>>> print(open('final14.csv').read())   # CSV, C-alpha atoms
chain,number,residue,atom,x,y,z
A,1,LEU,CA,65.0,74.1,84.3
A,2,TYR,CA,68.3,73.6,86.1
A,3,GLY,CA,68.0,69.8,85.6
A,4,GLN,CA,67.4,70.2,81.9
A,5,ILE,CA,70.5,72.4,81.5
A,6,GLU,CA,72.6,69.9,83.4
A,7,GLN,CA,71.3,67.1,81.2
A,8,LYS,CA,72.1,69.1,78.0
A,9,LEU,CA,75.5,69.9,79.3
A,10,SER,CA,76.1,66.3,80.0
A,11,ILE,CA,75.2,65.4,76.5
A,12,GLN,CA,77.6,68.1,75.2
A,13,GLN,CA,80.4,66.8,77.3
A,14,THR,CA,79.8,63.2,76.3
A,15,SER,CA,79.8,64.2,72.7
A,16,LEU,CA,83.0,66.1,73.0
A,17,SER,CA,84.6,63.3,74.9
A,18,ALA,CA,83.6,60.9,72.1
A,19,ALA,CA,84.9,63.4,69.5
A,20,ALA,CA,88.2,63.6,71.2
A,21,THR,CA,88.8,59.9,70.4
A,22,LYS,CA,87.8,60.2,66.8
A,23,SER,CA,89.3,62.1,63.8
A,24,VAL,CA,87.0,65.0,64.5
A,25,PRO,CA,89.1,67.9,65.9
A,26,LEU,CA,87.8,69.7,69.0
A,27,LYS,CA,87.9,72.9,67.0
A,28,ILE,CA,84.6,71.4,65.7
A,29,PRO,CA,83.1,72.9,62.5
A,30,SER,CA,79.8,74.7,63.2
A,31,LYS,CA,77.9,72.4,60.8
A,32,PHE,CA,79.2,69.1,62.2
A,33,VAL,CA,76.4,66.6,63.1
A,34,ILE,CA,77.2,63.3,64.8
A,35,PRO,CA,76.7,60.6,62.2
A,36,ARG,CA,74.7,57.4,62.5
A,37,SER,CA,77.8,55.2,62.9
A,38,SER,CA,78.9,52.4,65.2
A,39,GLN,CA,81.8,54.5,66.2
A,40,TRP,CA,79.5,56.9,68.1
A,41,PRO,CA,77.1,56.0,70.9
A,42,ASN,CA,73.6,55.5,69.6
A,43,ARG,CA,72.0,58.2,71.8
A,44,LEU,CA,74.3,60.8,70.2
A,45,TRP,CA,73.3,60.2,66.6
A,46,GLY,CA,72.0,63.3,64.9
A,47,TYR,CA,73.2,65.6,67.7
A,48,ARG,CA,74.2,69.0,66.3
A,49,LEU,CA,77.5,69.1,68.1
A,50,GLY,CA,79.0,71.8,65.8
A,51,GLU,CA,76.0,74.1,66.4
A,52,ARG,CA,76.1,73.7,70.1
A,53,CYS,CA,79.9,74.3,70.2
A,54,THR,CA,79.4,77.5,68.3
A,55,GLN,CA,76.8,78.6,70.8
A,56,VAL,CA,79.2,77.8,73.7
A,57,ARG,CA,81.9,79.8,72.0
A,58,GLN,CA,79.8,82.8,70.9
A,59,LYS,CA,77.0,83.0,73.4
A,60,GLN,CA,78.6,81.1,76.4
A,61,LEU,CA,75.7,78.6,76.3
A,62,TYR,CA,75.9,76.4,79.4
A,63,VAL,CA,79.1,78.0,80.7
A,64,LYS,CA,78.3,81.7,81.4
A,65,ASP,CA,79.7,82.5,84.9
A,66,ARG,CA,80.6,78.9,85.4
A,67,PRO,CA,84.4,78.5,85.3
A,68,ASP,CA,84.0,74.9,86.6
A,69,ARG,CA,82.2,74.0,83.4
A,70,LEU,CA,84.8,75.8,81.3
A,71,LYS,CA,87.5,73.9,83.0
A,72,ALA,CA,85.7,70.6,82.3
A,73,LEU,CA,85.5,71.5,78.6
A,74,ALA,CA,89.2,72.6,78.7
A,75,GLU,CA,90.2,69.2,80.0
A,76,LEU,CA,88.6,67.7,76.9
A,77,GLY,CA,90.6,70.0,74.7
A,78,PHE,CA,87.6,72.1,73.7
A,79,TYR,CA,88.6,75.4,72.1
A,80,ILE,CA,86.8,78.7,72.8
A,81,SER,CA,87.7,81.8,70.8
A,82,GLY,CA,86.4,85.3,70.5
A,83,GLY,CA,85.9,87.8,73.4
A,84,ASN,CA,85.4,85.2,76.0
A,85,ASP,CA,88.8,84.8,77.7
A,86,ASP,CA,87.7,82.8,80.7
A,87,LEU,CA,88.9,79.5,79.3
A,88,LYS,CA,92.3,80.9,78.3
A,89,TRP,CA,92.7,82.4,81.7
A,90,LEU,CA,92.0,79.0,83.3
A,91,GLU,CA,94.8,77.6,81.2
A,92,VAL,CA,97.1,80.4,82.4
A,93,VAL,CA,96.2,80.1,86.1
A,94,HIS,CA,96.3,76.3,86.1
A,95,ALA,CA,99.8,76.2,84.5
A,96,ALA,CA,100.9,79.0,86.8
A,97,ALA,CA,99.7,77.0,89.8
A,98,VAL,CA,101.6,73.9,88.8
A,99,TYR,CA,104.8,76.0,88.2
A,100,SER,CA,104.4,77.8,91.5
A,101,GLN,CA,104.0,74.6,93.4
A,102,MET,CA,107.1,73.1,91.8
A,103,ASN,CA,109.3,76.2,92.2
A,104,ARG,CA,107.8,78.0,95.1
A,105,ASN,CA,107.5,81.2,93.1
A,106,LEU,CA,106.1,82.4,89.8
A,107,ASP,CA,109.2,84.0,88.4
A,108,VAL,CA,108.9,82.2,85.0
A,109,PRO,CA,111.4,82.7,82.2
A,110,THR,CA,109.8,84.2,79.1
A,111,LYS,CA,110.8,81.3,77.0
A,112,PHE,CA,109.4,78.7,79.3
A,113,VAL,CA,106.9,76.3,77.6
A,114,VAL,CA,105.1,73.6,79.6
A,115,PRO,CA,107.0,70.3,78.8
A,116,ALA,CA,105.6,67.0,77.8
A,117,PRO,CA,106.9,64.0,79.6
A,118,PRO,CA,110.3,62.6,78.5
A,119,ARG,CA,110.3,59.6,76.3
A,120,ARG,CA,109.6,56.4,78.3
A,121,VAL,CA,110.8,53.8,75.9
A,122,LEU,CA,114.4,52.7,76.2
A,123,ASP,CA,116.6,50.0,74.7
A,124,CYS,CA,117.4,47.6,77.5
A,125,ASP,CA,120.1,44.8,77.6
A,126,LEU,CA,118.6,41.5,78.6
A,127,HIS,CA,121.1,38.9,79.9
A,128,ASN,CA,119.1,36.0,78.6
A,129,ALA,CA,117.7,37.6,75.5
A,130,PRO,CA,117.8,36.2,72.0
A,131,GLU,CA,120.7,37.0,69.6
A,132,GLU,CA,119.6,40.6,69.2
A,133,GLY,CA,120.4,41.1,72.9
A,134,LYS,CA,118.1,44.1,73.3
A,135,SER,CA,114.5,44.7,73.7
A,136,SER,CA,112.2,47.7,74.3
A,137,CYS,CA,111.4,48.5,77.9
A,138,ILE,CA,108.9,51.0,79.3
A,139,VAL,CA,110.4,53.0,82.1
A,140,GLY,CA,108.3,55.2,84.4
A,141,SER,CA,104.8,56.5,83.9
A,142,ASP,CA,103.1,59.6,82.6
A,143,ASP,CA,100.8,59.4,85.7
A,144,ALA,CA,103.6,60.9,87.8
A,145,TRP,CA,104.1,63.9,85.4
A,146,PRO,CA,103.0,67.1,87.1
A,147,TRP,CA,101.7,68.8,84.0
A,148,PRO,CA,98.3,67.8,82.6
A,149,GLU,CA,98.3,66.7,79.0
A,150,TYR,CA,96.1,69.6,77.8
A,151,LEU,CA,98.8,72.1,78.9
A,152,TRP,CA,101.7,70.4,77.2
A,153,GLY,CA,103.3,73.0,74.8
A,154,PHE,CA,101.5,75.9,76.6
A,155,PRO,CA,103.7,79.0,76.4
A,156,LEU,CA,103.4,80.0,80.1
A,157,GLY,CA,106.4,82.3,80.1
A,158,GLN,CA,105.1,84.3,77.2
A,159,ARG,CA,101.6,84.5,78.6
A,160,LEU,CA,102.9,85.8,81.9
A,161,ARG,CA,105.1,88.3,80.2
A,162,ASP,CA,102.0,89.5,78.2
A,163,ILE,CA,100.2,89.9,81.6
A,164,ARG,CA,103.1,91.9,83.1
A,165,VAL,CA,103.9,94.1,80.1
A,166,LYS,CA,100.6,94.4,78.2
A,167,GLY,CA,98.0,93.8,80.9
A,168,TYR,CA,96.5,90.8,79.1
A,169,TYR,CA,93.6,89.1,81.0
A,170,LEU,CA,93.6,92.0,83.6
A,171,ARG,CA,90.9,94.2,82.1
A,172,GLY,CA,87.2,94.2,83.0
A,173,LYS,CA,85.3,93.1,86.1
A,174,GLN,CA,87.6,90.1,86.7
A,175,ALA,CA,90.8,92.1,86.8
A,176,ASP,CA,91.1,92.4,90.6
A,177,VAL,CA,90.2,88.8,91.2
A,178,ARG,CA,92.8,87.6,88.7
A,179,LYS,CA,95.5,89.9,90.2
A,180,ARG,CA,94.9,88.4,93.6
A,181,GLN,CA,95.1,84.9,92.1
A,182,LEU,CA,98.5,85.7,90.7
A,183,ASP,CA,99.7,87.3,93.9
A,184,ALA,CA,98.7,84.2,95.8
A,185,LEU,CA,100.8,82.1,93.5
A,186,GLY,CA,103.9,84.4,94.0
A,187,PHE,CA,103.8,86.2,90.6
A,188,ILE,CA,106.7,88.5,90.1
A,189,TRP,CA,105.4,91.7,88.7
A,190,GLU,CA,108.8,93.3,88.2
A,191,PRO,CA,111.3,90.4,87.8
A,192,LYS,CA,114.9,90.9,88.7
A,193,ARG,CA,115.8,89.1,85.5
A,194,GLY,CA,114.7,92.0,83.4
A,195,ARG,CA,116.3,94.7,85.5
A,196,ARG,CA,119.6,92.8,85.5
A,197,ARG,CA,119.6,92.7,81.7
A,198,GLN,CA,119.0,96.4,81.5
A,199,SER,CA,121.9,97.2,83.9
A,200,GLU,CA,124.3,95.0,81.9
A,201,LYS,CA,123.6,96.9,78.6
>>> encode(input="final14.csv", output="structure tokens")
Amino acid sequence: LYGQIEQKLSIQQTSLSAAATKSVPLKIPSKFVIPRSSQWPNRLWGYRLGERCTQVRQKQLYVKDRPDRLKALAELGFYISGGNDDLKWLEVVHAAAVYSQMNRNLDVPTKFVVPAPPRRVLDCDLHNAPEEGKSSCIVGSDDAWPWPEYLWGFPLGQRLRDIRVKGYYLRGKQADVRKRQLDALGFIWEPKRGRRRQSEK
């Protein structure tokens, strides 16, 4: 049975990976079926990807109590909505871990949003170039950027404020574990930034 589940999960991940390179969004419609097309691997034709994605979102098919699988789907950009906040928590804690490693604390400004890499294409003067005298050069590499692509644009500061002020993600049986994760990353539960602003008013 375990082997069958792993095989089905593999097909699901392969399908999502293929979908990520097509025009199909990873907020996949529930009725979406992989078409018979040269753009898709033959073995996936007819696979009810939308139906399976709905079951993952609503019933936690293949991913219940398996954060490793949720993370694998998150890296493909797969969206899970509804009452299951495990995937959203993984985004928070992953972004928090990167920030903590870079800054040695987790005192994150409320307006902080995970940045995408700076533009890498510049105009360069070439001494022996044609009359135009300039050409495009690629400088640096995204490979060195510390933030994974699926987190670019993620509002980490606001998410952590919601945790601090509203207790988001800290309800239910996972609350204590998540608090310990934040503590281990150096989360500031009562930031000096907020107290200073109050004293200045």
>>> atom_distance(input="final14.csv", atom1="CA of Arg104 in chain A", atom2="CA of Ile163 in chain A")
19.5 Å
>>> atom_distance(input="final14.csv", atom1="CA of Glu51 in chain A", atom2="CA of Ile34 in chain A")
11.0 Å
>>> closest_residue(input="final14.csv", among="A:Leu90, A:Leu170, A:Tyr47, A:Thr14", to="Arg66 in chain A", atoms="only C-alpha atoms")
A:Leu90
>>> residues_near_point(input="final14.csv", point="(107.9, 81.3, 90.3)", cutoff="8 Å", atoms="only C-alpha atoms", output="ChimeraX atom specification")
/A:99-100,103-108,185-188
>>> write_last_selection(input="final14.csv", atoms="C-alpha atoms", output="PDB file, in the frame of the given file")
ATOM      1  CA  TYR A  99     104.800  76.000  88.200  1.00  0.00           C
ATOM      2  CA  SER A 100     104.400  77.800  91.500  1.00  0.00           C
ATOM      3  CA  ASN A 103     109.300  76.200  92.200  1.00  0.00           C
ATOM      4  CA  ARG A 104     107.800  78.000  95.100  1.00  0.00           C
ATOM      5  CA  ASN A 105     107.500  81.200  93.100  1.00  0.00           C
ATOM      6  CA  LEU A 106     106.100  82.400  89.800  1.00  0.00           C
ATOM      7  CA  ASP A 107     109.200  84.000  88.400  1.00  0.00           C
ATOM      8  CA  VAL A 108     108.900  82.200  85.000  1.00  0.00           C
ATOM      9  CA  LEU A 185     100.800  82.100  93.500  1.00  0.00           C
ATOM     10  CA  GLY A 186     103.900  84.400  94.000  1.00  0.00           C
ATOM     11  CA  PHE A 187     103.800  86.200  90.600  1.00  0.00           C
ATOM     12  CA  ILE A 188     106.700  88.500  90.100  1.00  0.00           C
TER      13      ILE A 188
END
>>> closest_residue(input="final14.csv", among="A:Leu44, A:Ala144, A:Leu156, A:Ile28", to="Ser10 in chain A", atoms="all atoms listed in the file")
A:Leu44
>>> closest_residue(input="final14.csv", among="A:Val56, A:Val177, A:Ala95, A:Ala18", to="Pro148 in chain A", atoms="all atoms listed in the file")
A:Ala95
>>> closest_residue(input="final14.csv", among="A:Gly172, A:Leu160, A:Met102, A:Trp89", to="Glu190 in chain A", atoms="all atoms listed in the file")
A:Leu160
>>> closest_residue(input="final14.csv", among="A:Pro191, A:Leu70, A:Ser15, A:Pro118", to="Asn42 in chain A", atoms="all atoms listed in the file")
A:Ser15
>>> atom_distance(input="final14.csv", atom1="CA of Phe112 in chain A", atom2="CA of Arg159 in chain A")
9.7 Å
>>> closest_residue(input="final14.csv", among="A:Pro146, A:Pro109, A:Gly50, A:Pro115", to="Ala97 in chain A", atoms="only C-alpha atoms")
A:Pro146
>>> residues_around(input="final14.csv", residues="Arg52 in chain A", least_positions_apart="4", cutoff="9 Å", atoms="only C-alpha atoms", output="list in words")
Gln12, Ser30, Tyr47, Arg48, Val56, Arg57 and Leu61 of chain A
